[in-house]
$ cat input.cif   # mmCIF, C-alpha atoms (C1' of nucleotides)
data_model
loop_
_atom_site.label_atom_id
_atom_site.label_comp_id
_atom_site.auth_asym_id
_atom_site.auth_seq_id
_atom_site.Cartn_x
_atom_site.Cartn_y
_atom_site.Cartn_z
CA MET A 249 -13.31 20.61 6.22
CA ARG A 250 -12.26 17.44 8.02
CA GLN A 251 -15.37 15.89 6.57
CA GLY A 252 -14.05 16.60 3.09
CA ILE A 253 -10.78 14.90 4.01
CA GLU A 254 -12.62 11.85 5.29
CA LEU A 255 -14.86 11.70 2.22
CA LEU A 256 -11.78 11.35 0.07
CA PHE A 257 -10.52 8.47 2.19
CA PHE A 258 -13.78 6.51 2.03
CA ALA A 259 -14.41 7.22 -1.63
CA TYR A 260 -10.90 6.18 -2.63
CA ARG A 261 -11.11 3.04 -0.50
CA ASP A 262 -14.34 1.89 -2.15
CA PHE A 263 -13.25 3.10 -5.56
CA THR A 264 -10.28 0.74 -5.57
CA ALA A 265 -11.86 -2.27 -3.85
CA GLU A 266 -13.56 -3.82 -6.88
CA PRO A 267 -10.64 -3.62 -9.33
CA ASP A 268 -8.36 -5.02 -6.63
CA ALA A 269 -10.45 -8.20 -6.56
CA ILE A 270 -10.15 -8.59 -10.35
CA LEU A 271 -6.42 -7.91 -10.27
CA ALA A 272 -5.98 -10.72 -7.77
CA GLU A 273 -7.19 -13.20 -10.42
CA TYR A 274 -4.17 -12.27 -12.51
CA GLY A 275 -1.75 -12.13 -9.59
CA PHE A 276 -1.51 -8.39 -10.14
CA GLY A 277 -1.84 -5.43 -7.77
CA ARG A 278 -2.97 -1.86 -7.84
CA ALA A 279 0.29 -0.78 -9.43
CA HIS A 280 -0.51 -2.85 -12.51
CA HIS A 281 -3.90 -1.21 -12.71
CA ARG A 282 -2.37 2.25 -12.73
CA VAL A 283 0.02 1.33 -15.55
CA VAL A 284 -2.72 -0.27 -17.63
CA HIS A 285 -4.97 2.72 -17.06
CA PHE A 286 -2.49 5.39 -18.11
CA VAL A 287 -1.05 3.46 -21.03
CA GLY A 288 -4.60 2.87 -22.19
CA ARG A 289 -5.43 6.53 -21.93
CA HIS A 290 -2.22 7.73 -23.55
CA PRO A 291 -1.08 5.29 -26.21
CA GLN A 292 2.51 5.75 -27.36
CA MET A 293 3.50 7.38 -24.10
CA THR A 294 7.11 7.03 -23.04
CA VAL A 295 8.40 5.35 -19.91
CA GLY A 296 9.58 8.74 -18.65
CA GLU A 297 6.13 10.26 -19.00
CA LEU A 298 4.60 7.38 -17.11
CA LEU A 299 7.17 7.78 -14.34
CA GLY A 300 6.28 11.46 -14.09
CA ILE A 301 2.60 10.70 -13.68
CA LEU A 302 2.93 7.87 -11.20
CA ARG A 303 5.67 9.60 -9.15
CA ILE A 304 7.47 6.38 -8.41
CA THR A 305 11.01 5.25 -9.21
CA LYS A 306 11.83 3.52 -12.46
CA GLN A 307 12.86 0.44 -10.47
CA SER A 308 9.37 0.21 -8.99
CA LEU A 309 7.76 0.82 -12.34
CA ASN A 310 9.94 -1.67 -14.15
CA ARG A 311 8.87 -4.45 -11.85
CA VAL A 312 5.22 -4.14 -12.80
CA LEU A 313 5.75 -2.89 -16.35
CA GLY A 314 8.12 -5.78 -17.02
CA GLN A 315 5.48 -8.27 -15.91
CA LEU A 316 2.85 -6.64 -18.09
CA VAL A 317 5.15 -6.71 -21.12
CA ARG A 318 6.33 -10.29 -20.58
CA GLN A 319 2.76 -11.48 -20.17
CA GLY A 320 1.58 -9.69 -23.28
CA PHE A 321 -0.60 -6.92 -21.87
CA VAL A 322 1.67 -4.09 -23.03
CA VAL A 323 3.99 -3.75 -26.00
CA GLN A 324 6.93 -1.41 -26.33
CA HIS A 325 8.43 -0.14 -29.53
CA GLN A 326 11.24 2.17 -30.33
CA GLY A 327 10.45 5.85 -30.71
CA ALA A 328 10.61 7.28 -34.23
CA GLN A 329 12.31 10.61 -33.56
CA ASP A 330 14.17 9.44 -30.45
CA ARG A 331 15.12 5.81 -30.68
CA ARG A 332 16.07 5.67 -26.99
CA GLN A 333 12.43 5.92 -26.07
CA ARG A 334 10.25 2.87 -25.62
CA LEU A 335 6.73 3.87 -26.54
CA LEU A 336 4.09 1.99 -24.59
CA GLU A 337 0.82 0.63 -25.89
CA LEU A 338 -1.78 -1.88 -24.77
CA THR A 339 -2.25 -5.09 -26.71
CA ASP A 340 -5.74 -6.45 -27.33
CA LYS A 341 -5.25 -8.52 -24.20
CA GLY A 342 -4.22 -5.37 -22.33
CA ARG A 343 -7.25 -3.46 -23.56
CA GLU A 344 -9.46 -6.30 -22.40
CA LEU A 345 -7.87 -6.17 -18.95
CA GLU A 346 -8.26 -2.40 -18.83
CA ARG A 347 -11.91 -2.73 -19.76
CA ARG A 348 -12.54 -5.30 -17.05
CA LEU A 349 -10.76 -3.25 -14.39
CA SER A 350 -12.40 0.02 -15.24
CA ALA A 351 -15.90 -1.40 -15.66
CA PRO A 352 -16.81 -1.37 -11.94
CA GLN A 353 -15.18 2.02 -11.50
CA ARG A 354 -17.03 3.49 -14.45
CA ALA A 355 -20.27 2.03 -13.15
CA ARG A 356 -19.66 3.38 -9.66
CA VAL A 357 -18.76 6.85 -10.88
CA ALA A 358 -21.59 6.86 -13.40
CA ASP A 359 -24.12 5.99 -10.71
CA ALA A 360 -22.72 8.68 -8.43
CA PHE A 361 -22.81 11.24 -11.23
CA ARG A 362 -26.35 10.32 -12.19
CA ALA A 363 -27.58 10.46 -8.61
CA ALA A 364 -25.85 13.76 -7.90
CA GLY A 365 -26.78 15.60 -11.08
CA GLY A 366 -24.86 17.68 -13.59
CA ALA A 367 -24.24 20.68 -11.38
CA ALA A 368 -22.80 18.45 -8.67
CA VAL A 369 -20.49 16.83 -11.21
CA ASP A 370 -19.14 20.24 -12.15
CA GLY A 371 -18.51 20.98 -8.49
CA PHE A 372 -16.83 17.62 -7.98
CA ARG A 373 -14.47 18.38 -10.85
CA LYS A 374 -13.72 21.89 -9.67
CA VAL A 375 -12.85 20.84 -6.15
CA LEU A 376 -10.72 17.86 -7.15
CA LEU A 377 -8.88 20.03 -9.66
CA GLY A 378 -8.16 22.47 -6.87
CA ILE A 379 -6.72 19.69 -4.74
CA ILE A 380 -4.27 18.63 -7.45
CA ALA A 381 -0.96 20.32 -6.66
CA ASP A 382 0.84 20.21 -9.96
CA GLU A 383 -0.08 22.70 -12.67
CA ASP A 384 0.87 20.33 -15.49
CA ASP A 385 -1.34 17.63 -14.03
CA ARG A 386 -4.22 20.08 -13.73
CA ARG A 387 -3.79 20.94 -17.39
CA ARG A 388 -4.63 17.35 -18.30
CA PHE A 389 -8.19 18.20 -17.32
CA ALA A 390 -8.41 21.59 -18.98
CA TRP A 391 -10.81 20.31 -21.58
CA ARG A 392 -11.63 17.07 -23.35
CA PRO A 393 -9.86 16.89 -26.69
CA PRO A 394 -12.01 14.77 -28.98
CA PRO A 395 -10.52 11.34 -29.71
CA ARG A 396 -8.38 11.59 -32.79
CA ARG A 397 -8.44 8.79 -35.29
CA GLU A 398 -5.32 8.32 -37.36
CA MET B 124 -16.34 9.43 -16.90
CA ARG B 125 -12.75 8.23 -17.22
CA GLN B 126 -11.75 11.77 -16.45
CA GLY B 127 -13.54 11.53 -13.14
CA ILE B 128 -11.66 8.32 -12.38
CA GLU B 129 -8.36 9.99 -13.19
CA LEU B 130 -9.19 13.06 -11.11
CA LEU B 131 -9.58 10.83 -8.09
CA PHE B 132 -6.16 9.29 -8.71
CA PHE B 133 -4.35 12.62 -9.01
CA ALA B 134 -6.21 14.28 -6.15
CA TYR B 135 -5.57 11.38 -3.80
CA ARG B 136 -1.91 11.23 -4.81
CA ASP B 137 -1.34 14.92 -4.04
CA PHE B 138 -3.60 14.82 -1.01
CA THR B 139 -1.37 12.25 0.69
CA ALA B 140 2.03 13.54 -0.43
CA GLU B 141 2.52 16.24 2.22
CA PRO B 142 1.50 14.21 5.29
CA ASP B 143 3.70 11.37 4.03
CA ALA B 144 6.72 13.65 4.28
CA ILE B 145 5.88 14.57 7.89
CA LEU B 146 5.25 10.93 8.80
CA ALA B 147 8.71 10.04 7.55
CA GLU B 148 10.20 12.23 10.33
CA TYR B 149 8.62 9.90 12.87
CA GLY B 150 9.41 6.71 10.99
CA PHE B 151 5.70 6.28 10.38
CA GLY B 152 3.69 5.57 7.25
CA ARG B 153 0.29 6.32 5.84
CA ALA B 154 -1.27 3.61 7.98
CA HIS B 155 -0.31 5.51 11.13
CA HIS B 156 -1.92 8.63 9.72
CA ARG B 157 -5.20 6.84 9.17
CA VAL B 158 -5.25 5.54 12.72
CA VAL B 159 -4.41 8.92 14.22
CA HIS B 160 -7.03 10.58 12.07
CA PHE B 161 -9.91 8.29 12.98
CA VAL B 162 -9.04 7.99 16.64
CA GLY B 163 -8.82 11.78 16.74
CA ARG B 164 -12.22 12.13 15.11
CA HIS B 165 -13.89 9.46 17.23
CA PRO B 166 -12.43 9.42 20.74
CA GLN B 167 -13.26 6.31 22.78
CA MET B 168 -13.75 4.23 19.66
CA THR B 169 -13.09 0.52 19.96
CA VAL B 170 -10.50 -1.49 18.07
CA GLY B 171 -13.29 -3.31 16.29
CA GLU B 172 -14.86 -0.08 15.04
CA LEU B 173 -11.50 1.07 13.74
CA LEU B 174 -11.00 -2.24 11.95
CA GLY B 175 -14.40 -1.84 10.33
CA ILE B 176 -13.53 1.60 9.03
CA LEU B 177 -10.07 0.82 7.76
CA ARG B 178 -11.05 -2.57 6.28
CA ILE B 179 -7.78 -4.19 7.16
CA THR B 180 -6.98 -7.19 9.34
CA LYS B 181 -6.36 -6.83 13.04
CA GLN B 182 -2.81 -8.10 12.52
CA SER B 183 -2.13 -5.22 10.14
CA LEU B 184 -3.79 -2.74 12.45
CA ASN B 185 -1.99 -3.99 15.53
CA ARG B 186 1.37 -3.40 13.94
CA VAL B 187 0.77 0.32 13.59
CA LEU B 188 -1.55 0.76 16.56
CA GLY B 189 0.95 -0.99 18.81
CA GLN B 190 3.69 1.43 17.75
CA LEU B 191 1.45 4.42 18.37
CA VAL B 192 0.52 3.14 21.84
CA ARG B 193 4.07 2.21 22.84
CA GLN B 194 5.35 5.59 21.69
CA GLY B 195 2.66 7.47 23.57
CA PHE B 196 0.51 8.85 20.75
CA VAL B 197 -2.55 6.77 21.64
CA VAL B 198 -3.85 5.41 24.95
CA GLN B 199 -6.18 2.50 25.46
CA HIS B 200 -8.42 1.93 28.43
CA GLN B 201 -10.90 -0.73 29.31
CA GLY B 202 -14.52 -0.23 28.25
CA ALA B 203 -17.02 0.56 31.02
CA GLN B 204 -19.98 -1.57 29.92
CA ASP B 205 -17.89 -4.16 28.07
CA ARG B 206 -14.53 -4.64 29.72
CA ARG B 207 -13.17 -6.64 26.78
CA GLN B 208 -13.08 -3.50 24.71
CA ARG B 209 -10.04 -1.27 24.56
CA LEU B 210 -11.26 2.26 23.96
CA LEU B 211 -8.83 4.34 21.93
CA GLU B 212 -7.95 7.98 22.47
CA LEU B 213 -5.20 10.35 21.41
CA THR B 214 -2.77 11.70 23.98
CA ASP B 215 -1.66 15.34 23.83
CA LYS B 216 1.30 14.12 21.82
CA GLY B 217 -1.09 12.27 19.52
CA ARG B 218 -3.28 15.31 19.06
CA GLU B 219 -0.20 17.35 18.18
CA LEU B 220 0.78 14.77 15.57
CA GLU B 221 -2.74 14.74 14.19
CA ARG B 222 -2.72 18.49 13.94
CA ARG B 223 0.60 18.54 12.10
CA LEU B 224 -0.49 15.83 9.66
CA SER B 225 -3.86 17.31 8.89
CA ALA B 226 -2.62 20.90 8.56
CA PRO B 227 -1.44 20.61 4.93
CA GLN B 228 -4.52 18.60 4.02
CA ARG B 229 -6.85 21.10 5.64
CA ALA B 230 -5.04 23.91 3.85
CA ARG B 231 -5.19 22.13 0.51
CA VAL B 232 -8.87 21.29 0.82
CA ALA B 233 -9.70 24.75 2.17
CA ASP B 234 -7.99 26.40 -0.81
CA ALA B 235 -9.79 24.09 -3.21
CA PHE B 236 -13.14 24.78 -1.52
CA ARG B 237 -12.56 28.52 -1.53
CA ALA B 238 -11.51 28.56 -5.18
CA ALA B 239 -14.41 26.37 -6.28
CA GLY B 240 -17.18 28.04 -4.32
CA GLY B 241 -19.97 26.78 -2.09
CA ALA B 242 -22.09 25.23 -4.81
CA ALA B 243 -19.10 23.26 -6.05
CA VAL B 244 -18.42 22.02 -2.53
CA ASP B 245 -21.96 20.68 -2.32
CA GLY B 246 -21.47 18.89 -5.60
CA PHE B 247 -18.13 17.48 -4.47
CA ARG B 248 -19.80 16.05 -1.36
CA LYS B 249 -22.73 14.61 -3.24
CA VAL B 250 -20.59 12.82 -5.80
CA LEU B 251 -18.11 11.42 -3.29
CA LEU B 252 -20.98 10.24 -1.11
CA GLY B 253 -22.38 8.45 -4.14
CA ILE B 254 -19.06 6.72 -4.72
CA ILE B 255 -18.96 5.33 -1.17
CA ALA B 256 -20.34 1.82 -1.32
CA ASP B 257 -21.33 1.17 2.25
CA GLU B 258 -24.54 2.65 3.59
CA ASP B 259 -23.23 2.83 7.15
CA ASP B 260 -20.17 4.72 5.99
CA ARG B 261 -22.35 7.15 4.05
CA ARG B 262 -24.32 7.81 7.21
CA ARG B 263 -21.19 9.20 8.85
CA PHE B 264 -21.62 12.22 6.64
CA ALA B 265 -25.11 13.20 7.63
CA TRP B 266 -25.06 16.89 6.90
CA ARG B 267 -27.47 19.75 6.96
CA PRO B 268 -28.64 20.03 3.36
CA PRO B 269 -29.12 23.52 1.94
CA PRO B 270 -32.64 24.57 0.91
CA ARG B 271 -33.05 22.93 -2.41
CA ARG B 272 -35.96 22.51 -4.72
CA GLU B 273 -36.14 19.39 -6.85
"C1'" DC C 64 34.14 13.10 -29.73
"C1'" DA C 65 32.27 14.10 -24.99
"C1'" DG C 66 28.68 14.46 -22.15
"C1'" DA C 67 23.77 14.10 -21.24
"C1'" DT C 68 19.66 11.46 -21.45
"C1'" DA C 69 16.18 7.32 -21.80
"C1'" DA C 70 15.80 3.12 -20.31
"C1'" DG C 71 16.95 -1.28 -18.07
"C1'" DT C 72 19.01 -4.07 -14.36
"C1'" DC C 73 20.84 -5.97 -9.85
"C1'" DA C 74 20.82 -5.91 -4.96
"C1'" DA C 75 19.15 -4.78 -0.56
"C1'" DC C 76 15.78 -2.94 2.38
"C1'" DA C 77 11.09 -1.09 4.53
"C1'" DT C 78 6.10 -0.64 4.84
"C1'" DG C 79 1.97 -2.51 5.21
"C1'" DG C 80 -1.24 -5.50 3.31
"C1'" DC C 81 -2.43 -10.80 3.80
"C1'" DT C 82 -3.34 -15.87 5.91
"C1'" DG C 83 -3.28 -19.12 9.63
"C1'" DA C 84 -2.85 -20.60 14.23
"C1'" DC C 85 -3.34 -19.76 18.85
"C1'" DA C 86 -4.11 -17.21 23.66
"C1'" DT C 87 -6.75 -14.63 27.00
"C1'" DA C 88 -10.41 -12.31 29.17
"C1'" DA C 89 -15.02 -11.19 29.44
"C1'" DA C 90 -19.72 -11.42 27.88
"C1'" DA C 91 -23.64 -14.06 26.52
"C1'" DA C 92 -26.14 -18.24 26.14
"C1'" DG C 93 -27.55 -22.67 27.77
"C1'" DC D 24 -22.55 -22.79 36.47
"C1'" DT D 25 -20.72 -24.40 32.33
"C1'" DT D 26 -20.18 -23.61 27.49
"C1'" DT D 27 -19.79 -20.82 23.67
"C1'" DT D 28 -19.03 -16.60 21.50
"C1'" DT D 29 -16.79 -12.23 21.11
"C1'" DA D 30 -13.02 -8.58 21.50
"C1'" DT D 31 -8.52 -8.26 21.45
"C1'" DG D 32 -3.66 -9.48 21.15
"C1'" DT D 33 0.26 -12.09 19.28
"C1'" DC D 34 3.60 -15.06 16.55
"C1'" DA D 35 5.25 -16.47 12.14
"C1'" DG D 36 5.64 -16.08 7.44
"C1'" DC D 37 4.33 -14.49 2.65
"C1'" DC D 38 3.59 -10.92 -0.93
"C1'" DA D 39 3.17 -6.38 -3.39
"C1'" DT D 40 5.22 -2.31 -3.98
"C1'" DG D 41 7.59 1.45 -2.51
"C1'" DT D 42 12.71 3.09 -1.55
"C1'" DT D 43 18.19 3.99 -2.39
"C1'" DG D 44 22.42 3.19 -4.76
"C1'" DA D 45 25.34 1.49 -8.32
"C1'" DC D 46 25.98 0.33 -12.92
"C1'" DT D 47 25.10 -0.70 -18.15
"C1'" DT D 48 23.61 0.21 -22.85
"C1'" DA D 49 21.99 2.81 -26.54
"C1'" DT D 50 21.27 7.08 -28.42
"C1'" DC D 51 20.91 11.98 -28.79
"C1'" DT D 52 23.08 16.61 -28.52
"C1'" DG D 53 26.53 20.20 -28.32
#
$ encode --input "input.cif" --output "structure tokens"
Amino acid sequence: MRQGIELLFFAYRDFTAEPDAILAEYGFGRAHHRVVHFVGRHPQMTVGELLGILRITKQSLNRVLGQLVRQGFVVQHQGAQDRRQRLLELTDKGRELERRLSAPQRARVADAFRAAGGAAVDGFRKVLLGIIADEDDRRRFAWRPPPRRE
Amino acid sequence: MRQGIELLFFAYRDFTAEPDAILAEYGFGRAHHRVVHFVGRHPQMTVGELLGILRITKQSLNRVLGQLVRQGFVVQHQGAQDRRQRLLELTDKGRELERRLSAPQRARVADAFRAAGGAAVDGFRKVLLGIIADEDDRRRFAWRPPPRRE
DNA sequence: CAGATAAGTCAACATGGCTGACATAAAAAG
DNA sequence: CTTTTTATGTCAGCCATGTTGACTTATCTG
């Protein structure tokens, strides 16, 4: 039990170490990575949705999001149905940053998956899903909707 | 792949949320939790060993460790063979804090393990072990492997 | 129109990383 | 025995990123 707790600590520590080094080149931190990741995964998401995922205040988010927008990694445009919303999307430059940041993480997870085998990957997913507290967040992982092209 | 990355983010976020609330009662932060956890798991560990695990600077560690010592959660005593070392140990008060902090985590992980089943737990361990970069850190988790044909 | 909501902003503050410089005691090396 | 290295502690300051609280603007909704 306590071993499981400790595994999470070590895995998360090493999981974030490589991207952190890349972020430092840009003068960014882990918070920027999280924004770039989620905006990349959910194009056209609203600021409110992002706040709900990250569980931070809008003042904290705006500091990093503002930097990303001003430096051309993220663009915002007015929502169609609700013009109060600012829909978020990565620019080409933002997608390039996302790719660089996620590359070592994808490699690390891919190696771990390959070494552990398919059954272990299923178990990994099941346990982590069980650790996630929020039902809505768990639903994100219910199944993989195929990428839609429009 | 990217789903696995995201699972780690959400699980770690929810995994740390409950202890964080308890820590706030004491005016402590997540850094104090890490120290209390590892000192609790490895009584008589040295400051240097703790630094190696946490991968932070001694200045950062001393800020939180100093508070824990001054407030009577941790005691230090001189090493027997090497008297330069300050061996760390929890006091009764420290053990009580550790117990309170780990209780929601143990409950959360226990529920997740129970819901996922024993095979899933094995997979969870294998994958997280694969994500850990450092060989010495992986060795901490030497476990009795189940009979397994490959 | 009135009130609620999405987003942005300003100010102040806390935590916990970091670097760099320096101090002390004890061990290890010569 | 003297010198060097190691383990630890400490001071000072910087930075990233979280917080609360107050307030604005634009827009949607009843």
$ interface_residues --input "input.cif" --of "chain D" --to "chain A" --cutoff "7 Å" --atoms "only C-alpha atoms (C1' of nucleotides)" --output "MDAnalysis selection string"
chainID D and resid 39:41 49:50
$ resolve_selection --input "input.cif" --expression "the PyMOL selection byres ((chain A) within 7 of (chain B))" --output "PyMOL selection string"
chain A and resi 249-250+255+258-259+262-263+354+356-358+360-361+364+367-372+374-376+378-381
$ calpha_fit_rmsd --input "input.cif" --fixed "chain B" --moving "chain A"
5.2 Å
$ closest_atom_pairs --input "input.cif" --of "chain C" --to "chain A" --cutoff "9 Å" --atoms "only C-alpha atoms (C1' of nucleotides)" --output "JSON lines"
{"residue": "C:DT68", "atom": "C1'", "partner": "A:Arg332", "partner_atom": "CA", "distance": 8.8}
{"residue": "C:DA69", "atom": "C1'", "partner": "A:Arg332", "partner_atom": "CA", "distance": 5.4}
{"residue": "C:DA70", "atom": "C1'", "partner": "A:Arg332", "partner_atom": "CA", "distance": 7.2}
{"residue": "C:DG71", "atom": "C1'", "partner": "A:Asn310", "partner_atom": "CA", "distance": 8.0}
{"residue": "C:DT72", "atom": "C1'", "partner": "A:Gln307", "partner_atom": "CA", "distance": 8.6}
$ resolve_selection --input "input.cif" --expression "the PyMOL selection byres ((chain D and resi 35) around 12)" --output "MDAnalysis selection string"
(chainID B and resid 182) or (chainID C and resid 82:85) or (chainID D and resid 33:34 36:37)
$ resolve_selection --input "input.cif" --expression "the PyMOL selection byres ((chain C and resi 67) around 9)" --output "number ranges by chain"
C: 66, 68; D: 51-52
$ atom_distance --input "input.cif" --atom1 "atom CA of A:Gln326" --atom2 "atom C1' of C:DC73"
24.0 Å
$ atom_distance --input "input.cif" --atom1 "atom C1' of C:DC64" --atom2 "atom CA of A:Gly327"
24.8 Å
$ atom_distance --input "input.cif" --atom1 "atom CA of A:Gly342" --atom2 "atom CA of A:Thr264"
18.8 Å
$ residues_around --input "input.cif" --residues "B:Leu191" --least-positions-apart "6" --cutoff "9 Å" --atoms "all atoms listed in the file" --output "list of chain:residue names"
B:His155, B:Val158, B:Val159, B:Val197, B:Val198, B:Gly217
$ write_last_selection --input "input.cif" --atoms "C-alpha atoms" --output "tab-separated table (two decimals), keeping the file's coordinate frame"
chain	number	residue	atom	x	y	z
B	155	HIS	CA	-0.31	5.51	11.13
B	158	VAL	CA	-5.25	5.54	12.72
B	159	VAL	CA	-4.41	8.92	14.22
B	197	VAL	CA	-2.55	6.77	21.64
B	198	VAL	CA	-3.85	5.41	24.95
B	217	GLY	CA	-1.09	12.27	19.52
$ closest_residue --input "input.cif" --among "A:Glu383, A:Phe321, A:Pro267, A:Glu344" --to "A:His281" --atoms "all atoms listed in the file"
A:Pro267
$ axis_aligned_box --input "input.cif" --around "stretch 73-79 of chain C" --padding-each-side "8 Å" --output "JSON"
{"center_x": 11.4, "center_y": -3.3, "center_z": -2.3, "size_x": 34.9, "size_y": 21.3, "size_z": 31.1}
$ residues_around --input "input.cif" --residues "C:DA92" --least-positions-apart "4" --cutoff "9 Å" --atoms "only C-alpha atoms (C1' of nucleotides)" --output "PyMOL selection string"
chain D and resi 26-28
$ decode --input "input.cif" --residues "chain C" --atoms "C-alpha atoms (C1' of nucleotides)" --output "short mmCIF file (atom, residue, chain, number, x, y, z; two decimals), in the first residue's frame"
data_model
loop_
_atom_site.label_atom_id
_atom_site.label_comp_id
_atom_site.auth_asym_id
_atom_site.auth_seq_id
_atom_site.Cartn_x
_atom_site.Cartn_y
_atom_site.Cartn_z
"C1'" DC C 64 -33.91 46.01 -18.28
"C1'" DA C 65 -31.69 43.40 -14.37
"C1'" DG C 66 -28.92 40.03 -12.94
"C1'" DA C 67 -25.76 36.27 -13.89
"C1'" DT C 68 -21.77 34.63 -16.21
"C1'" DA C 69 -17.05 34.43 -18.87
"C1'" DA C 70 -13.08 36.49 -18.83
"C1'" DG C 71 -9.43 39.81 -17.65
"C1'" DT C 72 -6.82 42.71 -14.40
"C1'" DC C 73 -4.42 44.80 -10.25
"C1'" DA C 74 -2.37 44.20 -5.85
"C1'" DA C 75 -0.49 41.71 -2.15
"C1'" DC C 76 1.10 37.61 -0.14
"C1'" DA C 77 3.03 32.55 0.72
"C1'" DT C 78 5.38 28.30 -0.58
"C1'" DG C 79 9.04 26.12 -2.16
"C1'" DG C 80 12.10 25.61 -5.80
"C1'" DC C 81 16.88 27.81 -7.24
"C1'" DT C 82 22.03 29.92 -7.06
"C1'" DG C 83 26.01 31.51 -4.61
"C1'" DA C 84 28.85 32.24 -0.74
"C1'" DC C 85 30.44 30.83 3.48
"C1'" DA C 86 30.97 28.15 8.25
"C1'" DT C 87 31.81 24.13 11.07
"C1'" DA C 88 32.87 19.61 12.42
"C1'" DA C 89 34.50 15.25 11.42
"C1'" DA C 90 36.41 11.85 8.35
"C1'" DA C 91 39.81 10.50 5.07
"C1'" DA C 92 44.05 11.10 2.70
"C1'" DG C 93 48.77 12.47 2.45
#
